[in-house]
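File shown: coords_12.cif (mmCIF, C-alpha atoms and all ligand atoms).
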data_coords
#
loop_
_atom_site.label_atom_id
_atom_site.label_comp_id
_atom_site.auth_asym_id
_atom_site.auth_seq_id
_atom_site.Cartn_x
_atom_site.Cartn_y
_atom_site.Cartn_z
CA MET P 1 -95.81 46.86 -70.23
CA GLU P 2 -92.95 48.20 -68.18
CA LEU P 3 -93.24 49.35 -64.57
CA ILE P 4 -91.74 52.73 -63.75
CA ASP P 5 -89.88 52.10 -60.50
CA GLY P 6 -90.20 55.27 -58.42
CA LYS P 7 -88.54 53.67 -55.44
CA ALA P 8 -85.33 52.90 -57.36
CA ILE P 9 -85.33 56.25 -59.18
CA SER P 10 -85.87 58.24 -55.98
CA GLN P 11 -83.07 56.29 -54.31
CA ALA P 12 -80.71 57.08 -57.21
CA ILE P 13 -81.59 60.79 -56.91
CA LYS P 14 -81.00 60.79 -53.14
CA ASP P 15 -77.63 59.09 -53.64
CA GLU P 16 -76.60 61.71 -56.22
CA LEU P 17 -77.69 64.47 -53.82
CA LYS P 18 -75.75 62.88 -50.96
CA ASP P 19 -72.56 63.07 -53.05
CA LYS P 20 -73.28 66.69 -53.99
CA VAL P 21 -73.91 67.64 -50.33
CA SER P 22 -70.61 66.13 -49.21
CA GLU P 23 -68.79 68.00 -52.02
CA LEU P 24 -70.39 71.25 -50.84
CA LYS P 25 -69.61 70.47 -47.21
CA ALA P 26 -65.93 70.10 -48.13
CA LYS P 27 -66.12 73.66 -49.47
CA GLY P 28 -67.71 74.86 -46.21
CA ILE P 29 -71.20 75.22 -47.74
CA GLU P 30 -73.89 73.79 -45.48
CA GLY P 31 -77.27 74.55 -43.96
CA SER P 32 -80.48 73.14 -42.57
CA LEU P 33 -84.08 72.64 -43.57
CA ALA P 34 -86.59 74.05 -41.07
CA VAL P 35 -89.74 71.93 -40.81
CA ILE P 36 -92.76 73.40 -39.04
CA GLN P 37 -95.72 71.28 -37.96
CA VAL P 38 -98.72 72.81 -36.22
CA GLY P 39 -100.87 70.33 -34.28
CA ASN P 40 -100.38 66.57 -34.34
CA ASP P 41 -102.26 65.20 -37.34
CA PRO P 42 -100.87 61.61 -37.55
CA ALA P 43 -100.42 61.65 -41.36
CA SER P 44 -98.53 64.96 -41.14
CA SER P 45 -96.32 63.54 -38.37
CA VAL P 46 -95.34 60.63 -40.66
CA TYR P 47 -94.54 63.01 -43.56
CA VAL P 48 -92.47 65.25 -41.27
CA LYS P 49 -90.57 62.27 -39.88
CA ASN P 50 -89.79 61.02 -43.41
CA LYS P 51 -88.60 64.46 -44.49
CA LYS P 52 -86.23 64.67 -41.53
CA LYS P 53 -84.96 61.16 -42.27
CA ALA P 54 -84.27 62.13 -45.90
CA CYS P 55 -82.31 65.22 -44.74
CA GLU P 56 -80.22 62.99 -42.52
CA TYR P 57 -79.63 60.55 -45.42
CA ILE P 58 -78.33 63.16 -47.85
CA GLY P 59 -76.36 64.90 -45.08
CA ILE P 60 -78.14 68.21 -44.53
CA GLY P 61 -79.36 69.40 -41.13
CA SER P 62 -82.99 69.67 -40.13
CA VAL P 63 -84.53 71.75 -37.37
CA SER P 64 -88.08 70.97 -36.42
CA TYR P 65 -90.75 73.11 -34.83
CA GLU P 66 -93.58 71.07 -33.37
CA LEU P 67 -96.15 73.68 -32.41
CA PRO P 68 -99.40 73.09 -30.49
CA GLU P 69 -102.75 73.01 -32.31
CA ASP P 70 -103.80 76.35 -30.76
CA THR P 71 -100.75 78.25 -32.10
CA THR P 72 -101.79 81.72 -33.27
CA GLU P 73 -101.07 82.94 -36.78
CA GLU P 74 -99.06 85.79 -35.28
CA LYS P 75 -96.78 83.34 -33.44
CA LEU P 76 -96.32 81.21 -36.59
CA LEU P 77 -95.57 84.24 -38.76
CA GLY P 78 -93.06 85.39 -36.13
CA ILE P 79 -91.19 82.06 -36.34
CA ILE P 80 -91.16 82.23 -40.15
CA LYS P 81 -89.78 85.78 -39.97
CA GLU P 82 -86.93 84.59 -37.74
CA LEU P 83 -86.19 81.64 -40.04
CA ASN P 84 -86.20 83.93 -43.10
CA ALA P 85 -83.46 85.99 -41.43
CA ASP P 86 -81.43 83.00 -40.19
CA THR P 87 -78.58 82.43 -42.66
CA SER P 88 -78.06 78.82 -41.49
CA VAL P 89 -81.56 77.95 -42.78
CA ILE P 90 -81.62 77.01 -46.47
CA GLY P 91 -85.27 75.97 -46.67
CA ILE P 92 -88.51 76.47 -44.74
CA LEU P 93 -91.31 73.97 -44.96
CA VAL P 94 -94.70 74.34 -43.30
CA GLN P 95 -96.47 70.98 -43.24
CA LEU P 96 -100.02 71.23 -44.61
CA PRO P 97 -102.86 71.14 -43.80
CA LEU P 98 -102.77 73.80 -41.07
CA PRO P 99 -105.40 73.71 -38.30
CA ALA P 100 -108.60 75.66 -38.99
CA GLY P 101 -108.23 79.34 -38.23
CA LEU P 102 -104.71 79.67 -39.70
CA SER P 103 -104.56 81.03 -43.25
CA GLU P 104 -102.43 78.75 -45.44
CA ASP P 105 -102.09 81.54 -48.00
CA ARG P 106 -100.83 84.12 -45.50
CA VAL P 107 -98.46 81.61 -43.90
CA LEU P 108 -97.00 80.28 -47.17
CA ASN P 109 -96.69 83.79 -48.60
CA ALA P 110 -94.63 84.83 -45.54
CA ILE P 111 -91.83 82.39 -46.45
CA ASP P 112 -88.89 84.04 -48.22
CA PRO P 113 -89.21 82.80 -51.85
CA SER P 114 -85.48 81.98 -51.82
CA LYS P 115 -86.17 79.46 -49.00
CA ASP P 116 -89.48 78.15 -50.39
CA VAL P 117 -88.31 74.58 -51.07
CA ASP P 118 -91.92 73.40 -51.51
CA GLY P 119 -92.27 75.77 -54.49
CA PHE P 120 -95.67 77.06 -53.33
CA HIS P 121 -94.88 80.80 -53.04
CA PRO P 122 -96.60 82.92 -55.74
CA VAL P 123 -93.21 84.35 -56.76
CA ASN P 124 -91.90 80.86 -57.51
CA VAL P 125 -95.14 79.82 -59.23
CA GLY P 126 -94.88 82.96 -61.36
CA LYS P 127 -91.27 82.16 -62.28
CA LEU P 128 -92.37 78.68 -63.37
CA VAL P 129 -95.06 80.25 -65.58
CA ILE P 130 -92.57 82.52 -67.37
CA GLY P 131 -89.98 79.74 -67.65
CA GLU P 132 -87.39 80.98 -65.13
CA ASP P 133 -85.33 78.52 -63.10
CA THR P 134 -86.95 78.27 -59.67
CA PHE P 135 -88.15 75.95 -56.90
CA VAL P 136 -90.87 73.79 -58.42
CA SER P 137 -93.60 71.94 -56.50
CA CYS P 138 -92.04 68.59 -55.59
CA THR P 139 -94.63 66.06 -56.82
CA PRO P 140 -94.90 67.35 -60.43
CA ALA P 141 -91.12 67.88 -60.54
CA GLY P 142 -90.83 64.23 -59.48
CA VAL P 143 -93.06 63.12 -62.35
CA ILE P 144 -90.75 64.83 -64.86
CA GLU P 145 -87.75 62.99 -63.34
CA LEU P 146 -89.64 59.68 -63.49
CA LEU P 147 -90.40 60.20 -67.19
CA LYS P 148 -86.88 61.30 -68.11
CA ARG P 149 -85.12 58.61 -66.13
CA SER P 150 -87.38 55.91 -67.60
CA GLY P 151 -86.42 56.95 -71.11
CA VAL P 152 -89.79 58.48 -72.03
CA SER P 153 -89.33 61.24 -74.60
CA ILE P 154 -91.69 64.12 -73.88
CA GLN P 155 -91.08 66.54 -76.75
CA GLY P 156 -93.91 66.66 -79.27
CA LYS P 157 -96.03 64.16 -77.34
CA HIS P 158 -99.63 64.85 -76.38
CA ALA P 159 -99.71 64.98 -72.58
CA VAL P 160 -103.08 64.97 -70.86
CA VAL P 161 -103.08 66.07 -67.21
CA ILE P 162 -106.22 65.21 -65.25
CA GLY P 163 -106.47 67.63 -62.30
CA ARG P 164 -105.73 71.36 -61.97
CA SER P 165 -104.78 71.81 -58.30
CA ASN P 166 -102.17 74.45 -57.47
CA ILE P 167 -99.89 71.79 -55.96
CA VAL P 168 -100.05 69.09 -58.65
CA GLY P 169 -102.15 69.62 -61.81
CA LYS P 170 -101.27 73.20 -62.76
CA PRO P 171 -97.49 73.01 -62.17
CA MET P 172 -97.52 69.58 -63.86
CA ALA P 173 -99.06 71.07 -67.01
CA LEU P 174 -96.53 73.93 -67.01
CA LEU P 175 -93.61 71.54 -66.60
CA MET P 176 -94.82 69.34 -69.48
CA LEU P 177 -95.13 72.48 -71.60
CA ARG P 178 -91.57 73.43 -70.64
CA GLU P 179 -90.51 69.98 -71.89
CA ASN P 180 -92.22 70.76 -75.23
CA ALA P 181 -95.20 68.44 -74.89
CA THR P 182 -98.55 69.51 -76.30
CA VAL P 183 -100.60 69.76 -73.14
CA THR P 184 -104.30 69.35 -72.37
CA VAL P 185 -105.53 69.97 -68.81
CA CYS P 186 -108.76 68.30 -67.68
CA HIS P 187 -110.85 68.92 -64.56
CA SER P 188 -114.21 68.09 -63.04
CA LYS P 189 -116.10 70.21 -65.61
CA THR P 190 -114.34 68.69 -68.65
CA ALA P 191 -116.80 67.33 -71.20
CA ASP P 192 -116.03 63.79 -72.44
CA LEU P 193 -112.98 63.10 -70.29
CA LYS P 194 -112.73 59.59 -71.76
CA ALA P 195 -112.29 60.82 -75.34
CA ILE P 196 -109.61 63.35 -74.33
CA ALA P 197 -107.71 60.93 -72.08
CA LYS P 198 -107.74 58.38 -74.92
CA GLU P 199 -105.77 60.82 -77.08
CA ALA P 200 -102.91 61.01 -74.57
CA ASP P 201 -99.45 59.67 -75.37
CA ILE P 202 -98.62 60.51 -71.75
CA LEU P 203 -101.54 60.48 -69.30
CA ILE P 204 -100.89 62.04 -65.87
CA VAL P 205 -103.71 61.48 -63.39
CA ALA P 206 -104.00 63.68 -60.26
CA MET P 207 -107.71 63.77 -59.54
CA GLY P 208 -108.01 62.27 -56.06
CA LYS P 209 -110.56 59.61 -57.11
CA PRO P 210 -109.60 56.00 -56.25
CA LYS P 211 -109.23 53.67 -59.29
CA PHE P 212 -111.31 56.08 -61.43
CA ILE P 213 -109.28 55.71 -64.65
CA ASP P 214 -109.81 52.31 -66.25
CA ALA P 215 -108.89 50.79 -69.63
CA ASP P 216 -111.61 52.82 -71.41
CA TYR P 217 -109.55 56.00 -70.86
CA ILE P 218 -106.31 54.63 -72.31
CA LYS P 219 -104.81 54.73 -75.80
CA PRO P 220 -102.87 51.47 -76.33
CA GLY P 221 -99.17 52.15 -75.77
CA ALA P 222 -99.71 55.25 -73.61
CA VAL P 223 -97.42 56.08 -70.69
CA VAL P 224 -99.56 56.33 -67.55
CA ILE P 225 -98.50 58.26 -64.44
CA ASP P 226 -100.70 57.86 -61.37
CA VAL P 227 -100.29 60.62 -58.76
CA GLY P 228 -103.26 59.58 -56.59
CA ILE P 229 -102.83 57.95 -53.19
CA HIS P 230 -105.73 56.27 -51.39
CA ARG P 231 -106.57 53.29 -49.23
CA ASP P 232 -109.06 50.90 -50.85
CA SER P 233 -111.83 48.95 -49.11
CA GLU P 234 -109.24 46.35 -48.00
CA ASN P 235 -107.04 49.14 -46.56
CA LYS P 236 -104.48 48.57 -49.35
CA LEU P 237 -102.84 51.57 -51.03
CA CYS P 238 -104.14 52.38 -54.50
CA GLY P 239 -104.06 55.29 -56.94
CA ASP P 240 -106.45 57.19 -59.18
CA VAL P 241 -105.79 54.56 -61.87
CA ASP P 242 -107.32 51.08 -61.85
CA PHE P 243 -103.90 49.47 -62.28
CA ASP P 244 -105.08 45.93 -63.14
CA SER P 245 -107.29 47.11 -65.99
CA VAL P 246 -104.91 49.79 -67.36
CA ALA P 247 -101.49 48.09 -67.08
CA PRO P 248 -102.01 45.60 -69.97
CA LEU P 249 -102.66 48.52 -72.38
CA ALA P 250 -99.93 50.91 -71.19
CA SER P 251 -96.37 50.89 -72.52
CA LYS P 252 -95.13 52.15 -69.13
CA ILE P 253 -97.01 52.76 -65.90
CA THR P 254 -96.29 53.83 -62.31
CA PRO P 255 -97.53 51.52 -59.54
CA VAL P 256 -99.08 52.74 -56.26
CA PRO P 257 -97.24 52.43 -53.94
CA GLY P 258 -93.73 52.71 -55.36
CA GLY P 259 -94.35 55.13 -58.25
CA VAL P 260 -94.80 58.88 -57.83
CA GLY P 261 -95.02 58.74 -54.00
CA PRO P 262 -91.30 58.26 -53.19
CA MET P 263 -90.34 60.99 -55.70
CA THR P 264 -91.90 63.84 -53.72
CA ILE P 265 -89.37 63.69 -50.86
CA ALA P 266 -86.48 63.11 -53.28
CA MET P 267 -87.43 66.31 -55.12
CA LEU P 268 -87.79 68.19 -51.83
CA MET P 269 -84.19 67.17 -51.12
CA ALA P 270 -83.23 68.30 -54.66
CA ASN P 271 -84.76 71.71 -53.90
CA CYS P 272 -82.77 71.91 -50.64
CA VAL P 273 -79.55 71.17 -52.54
CA LYS P 274 -80.53 73.78 -55.15
CA SER P 275 -80.84 76.28 -52.30
CA LEU P 276 -77.44 75.23 -50.93
CA LEU P 277 -75.88 75.69 -54.38
CA LYS P 278 -77.18 79.27 -54.47
CA ARG P 279 -75.13 80.13 -51.39
P1 LIG P 301 -107.22 68.10 -55.44
O1 LIG P 301 -106.73 69.41 -54.94
O2 LIG P 301 -108.41 67.47 -54.81
O3 LIG P 301 -107.52 68.27 -57.02
C1 LIG P 301 -108.16 67.27 -57.76
C2 LIG P 301 -108.32 67.75 -59.18
O4 LIG P 301 -108.95 66.71 -59.92
C3 LIG P 301 -109.20 69.00 -59.31
O5 LIG P 301 -108.63 69.89 -60.23
C4 LIG P 301 -110.54 68.43 -59.82
O6 LIG P 301 -111.23 69.32 -60.70
C5 LIG P 301 -110.07 67.21 -60.61
N1 LIG P 301 -111.13 66.21 -60.66
C6 LIG P 301 -111.82 65.69 -59.62
N2 LIG P 301 -112.76 64.83 -60.07
C7 LIG P 301 -112.66 64.80 -61.41
C8 LIG P 301 -113.37 64.13 -62.44
N3 LIG P 301 -114.38 63.28 -62.18
N4 LIG P 301 -112.98 64.35 -63.72
C9 LIG P 301 -111.97 65.19 -64.01
N5 LIG P 301 -111.27 65.87 -63.07
C10 LIG P 301 -111.62 65.68 -61.79
O7 LIG P 301 -106.09 67.00 -55.39
P2 LIG P 301 -104.48 67.13 -55.50
O8 LIG P 301 -103.94 67.76 -54.27
O9 LIG P 301 -104.10 67.67 -56.82
O10 LIG P 301 -104.10 65.57 -55.44
C11 LIG P 301 -104.56 64.63 -56.40
C12 LIG P 301 -104.24 63.24 -55.92
O11 LIG P 301 -102.83 63.11 -55.80
C13 LIG P 301 -104.79 62.89 -54.54
O12 LIG P 301 -105.12 61.50 -54.53
C14 LIG P 301 -103.62 63.12 -53.61
O13 LIG P 301 -103.67 62.32 -52.44
C15 LIG P 301 -102.47 62.72 -54.49
N6 LIG P 301 -101.19 63.37 -54.16
C16 LIG P 301 -100.10 62.58 -54.14
C17 LIG P 301 -98.85 63.12 -53.90
C18 LIG P 301 -97.66 62.23 -53.91
O14 LIG P 301 -96.66 62.54 -53.32
N7 LIG P 301 -97.72 61.12 -54.64
C19 LIG P 301 -98.72 64.48 -53.65
C20 LIG P 301 -99.85 65.29 -53.72
C21 LIG P 301 -101.09 64.72 -53.99
P3 LIG P 301 -111.81 70.76 -60.24
O15 LIG P 301 -110.63 71.68 -60.20
O16 LIG P 301 -112.78 71.11 -61.31
O17 LIG P 301 -112.43 70.55 -58.88
#
Kindly return the structure encoded in the file as structure tokens.
Ligand code: NAP
Amino acid sequence: MELIDGKAISQAIKDELKDKVSELKAKGIEGSLAVIQVGNDPASSVYVKNKKKACEYIGIGSVSYELPEDTTEEKLLGIIKELNADTSVIGILVQLPLPAGLSEDRVLNAIDPSKDVDGFHPVNVGKLVIGEDTFVSCTPAGVIELLKRSGVSIQGKHAVVIGRSNIVGKPMALLMLRENATVTVCHSKTADLKAIAKEADILIVAMGKPKFIDADYIKPGAVVIDVGIHRDSENKLCGDVDFDSVAPLASKITPVPGGVGPMTIAMLMANCVKSLLKR
């Protein structure tokens, strides 16, 4: 069994992006990521802080909007409108979840698709479906990078994706299809999940259920990617995969922490650089 080191791979990506950003800067091409947080959910504050730190590392600017919990949708949409028009802004990110009463759909749909570095806008999702180059949701894009950079060949393999959320499962399945895998998508209504998972050459788990997938779901030699993030009863981070039981069977596996997690911000930075390159 080989561990897929998401920490090292994400660092390599950020270093490549840093070089690219300084090349672009020398040509006078620069810009900033606008990060909007509404309310002060502690987990969101940590994510926002890490995103700003990553911008600083690769050398792009970041402007942050820390708005009070009782911000109206009108006010938020007004800020997004201004940022859409601001040519110094290359990306707009609204940290989710939004407080109750604000429509995530209306807010995300208000972002100019050419600045949608999270890849959540329906226009960008649609482009992914028809195979056009676009901003892709960062976590599934990160999984593709993990596989490629760990020498896993995807073409012709049977990939099973467990989970069909708009942010992870669905774009993940589309990306694996784009890489010429044969893809099966499973969800909570799937009959005989075990039998299907056991057919996977590459098993990608994004179900939000701590340590749910054990050795009974694994074909010996499979590559196992664990997207889940949870705290277990001892307050230690764990994934959707029961690592200790699955690792001995897998050919390669991502740990939690240190697997998929660090890739999400690296791919957000990759989307920002993609936006810069379009200037
Ligand atoms: P989500 O929106 O809750 O979706 C979970 C998906 O799993 C749903 O499609 C659900 O099916 C399916 N599912 C739930 N129970 C199942 C079962 N028993 N059998 C088969 N399928 C089942 O979650 P998400 O946003 O996609 O996130 C998934 C996990 O990844 C979470 O642990 C989350 O914290 C983590 N995550 C990590 C990162 C990162 O950066 N590493 C980023 C995003 C998310 P239905 O559609 O039928 O309900």
(message) Neighbouring residues of ligand LIG 301 (chain P) are defined here as those with any atom at most 7 Å from a ligand atom, counting only C-alpha atoms and all ligand atoms; list them as a list in words.
(response)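 Answer in the requested format: Thr139, Ile162, Gly163, Arg164, Ser165, Ile167, Val168, Gly169, Cys186, His187, Ser188, Lys189, Thr190, Leu193, Ala206, Met207, Gly208, Lys209, Val227, Gly228, Ile229, His230, Gly239, Asp240, Val260, Gly261, Pro262, Met263 and Thr264 of chain P.
If you look at atom CA of Gln37 of chain P and atom CA of Val94 of chain P, they are 6.2 Å away from each other.
Within the 9 Å cut-off around Ala270 of chain P, using all atoms listed in the file and omitting residues fewer than 2 positions from it on the same chain, the listed residues are Ile13, Lys14, Leu17, Val117, Cys138, Ile265, Ala266, Met267, Leu268, Cys272, Val273, Lys274 and Ser275 of chain P.
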(request) Give the answer as one residue: which of P:Ala173, P:Met269, P:Ile213, P:Ala222 has the shortest atom-to-atom distance to Asp15 of chain P, using all atoms listed in the file? (result) P:Met269
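Once Ala215 of chain P and its same-chain neighbours fewer than 5 positions away are set aside, Lys194, Lys198, Pro220, Val241, Asp242, Phe243, Asp244, Ser245, Val246, Ala247, Pro248, Leu249 and Ala250 of chain P remain within 10 Å of it when counting only C-alpha atoms.
The smallest atom-to-atom distance between Ser88 of chain P and any of P:Lys115, P:Arg106, P:Lys148, P:Lys18, using all atoms listed in the file, is found for P:Lys115.
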Contact residues around Thr87 of chain P with only C-alpha atoms at 10 Å, ignoring same-chain residues under 2 positions, as a short mmCIF file (atom, residue, chain, number, x, y, z; two decimals) with C-alpha atoms, in the frame of the given file:
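The resulting file, result.cif, is shown below:
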data_model
loop_
_atom_site.label_atom_id
_atom_site.label_comp_id
_atom_site.auth_asym_id
_atom_site.auth_seq_id
_atom_site.Cartn_x
_atom_site.Cartn_y
_atom_site.Cartn_z
CA GLY P 31 -77.27 74.55 -43.96
CA SER P 32 -80.48 73.14 -42.57
CA GLU P 82 -86.93 84.59 -37.74
CA LEU P 83 -86.19 81.64 -40.04
CA ASN P 84 -86.20 83.93 -43.10
CA ALA P 85 -83.46 85.99 -41.43
CA VAL P 89 -81.56 77.95 -42.78
CA ILE P 90 -81.62 77.01 -46.47
CA ARG P 279 -75.13 80.13 -51.39
#
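Each of P:Val224, P:Ala34, P:Val143, P:Leu102 was checked against Val160 of chain P using all atoms listed in the file; the smallest atom-to-atom distance is that of P:Val224.
Atom pair atom CA of Thr184 of chain P / atom CA of Val161 of chain P: separated by 6.2 Å.
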(request) Between P:Glu69, P:Gly91, P:Ala110, P:Ser64, single out the one closest to Leu33 of chain P, counting all atoms listed in the file. (result)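 That would be P:Gly91, the residue with the smallest distance to Leu33 of chain P.
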(message) Let me make sure I understand: among P:Ile80, P:Ile29, P:Val35, P:Val63, which one has the smallest atom-to-atom distance to Val107 of chain P if we use only C-alpha atoms?
(response)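 Selected residue with least distance to Val107 of chain P: P:Ile80.
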(request) To one decimal in Å, tell me the separation between atom CA of Val256 of chain P and atom CA of Phe212 of chain P. (result) 13.7 Å
(message) For a quick check of your reading of the model, name the residues lying within 8 Å of the coordinate (-76.6, 67.9, -48.6), counting all atoms listed in the file, and write them as a PyMOL selection string.
(response) chain P and resi 17-22+24-25+30+55+58-60+272-273+276
(message) Calculated over all atoms listed in the file, which of the candidates P:Val129, P:Ile111, P:Leu203, P:Met1 has the smallest distance to Gly78 of chain P?
(response)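 Closest candidate: P:Ile111.
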(request) For Tyr47 of chain P, list every protein, DNA or RNA residue within 10 Å, evaluated using all atoms listed in the file, and leave out those in the same chain fewer than 4 positions away; present the list as a list in words. (result)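 Within the cut-off, the hits are Pro42, Ala43, Lys51, Lys52, Lys53, Gln95, Leu96 and Ile265 of chain P.
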Resulting file, chosen residues, C-alpha atoms, as a PDB file, in the frame of the given file:
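Here's the written file selection13.pdb:
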ATOM      1  CA  PRO P  42    -100.870  61.610 -37.550  1.00  0.00           C
ATOM      2  CA  ALA P  43    -100.420  61.650 -41.360  1.00  0.00           C
ATOM      3  CA  LYS P  51     -88.600  64.460 -44.490  1.00  0.00           C
ATOM      4  CA  LYS P  52     -86.230  64.670 -41.530  1.00  0.00           C
ATOM      5  CA  LYS P  53     -84.960  61.160 -42.270  1.00  0.00           C
ATOM      6  CA  GLN P  95     -96.470  70.980 -43.240  1.00  0.00           C
ATOM      7  CA  LEU P  96    -100.020  71.230 -44.610  1.00  0.00           C
ATOM      8  CA  ILE P 265     -89.370  63.690 -50.860  1.00  0.00           C
TER       9      ILE P 265
END
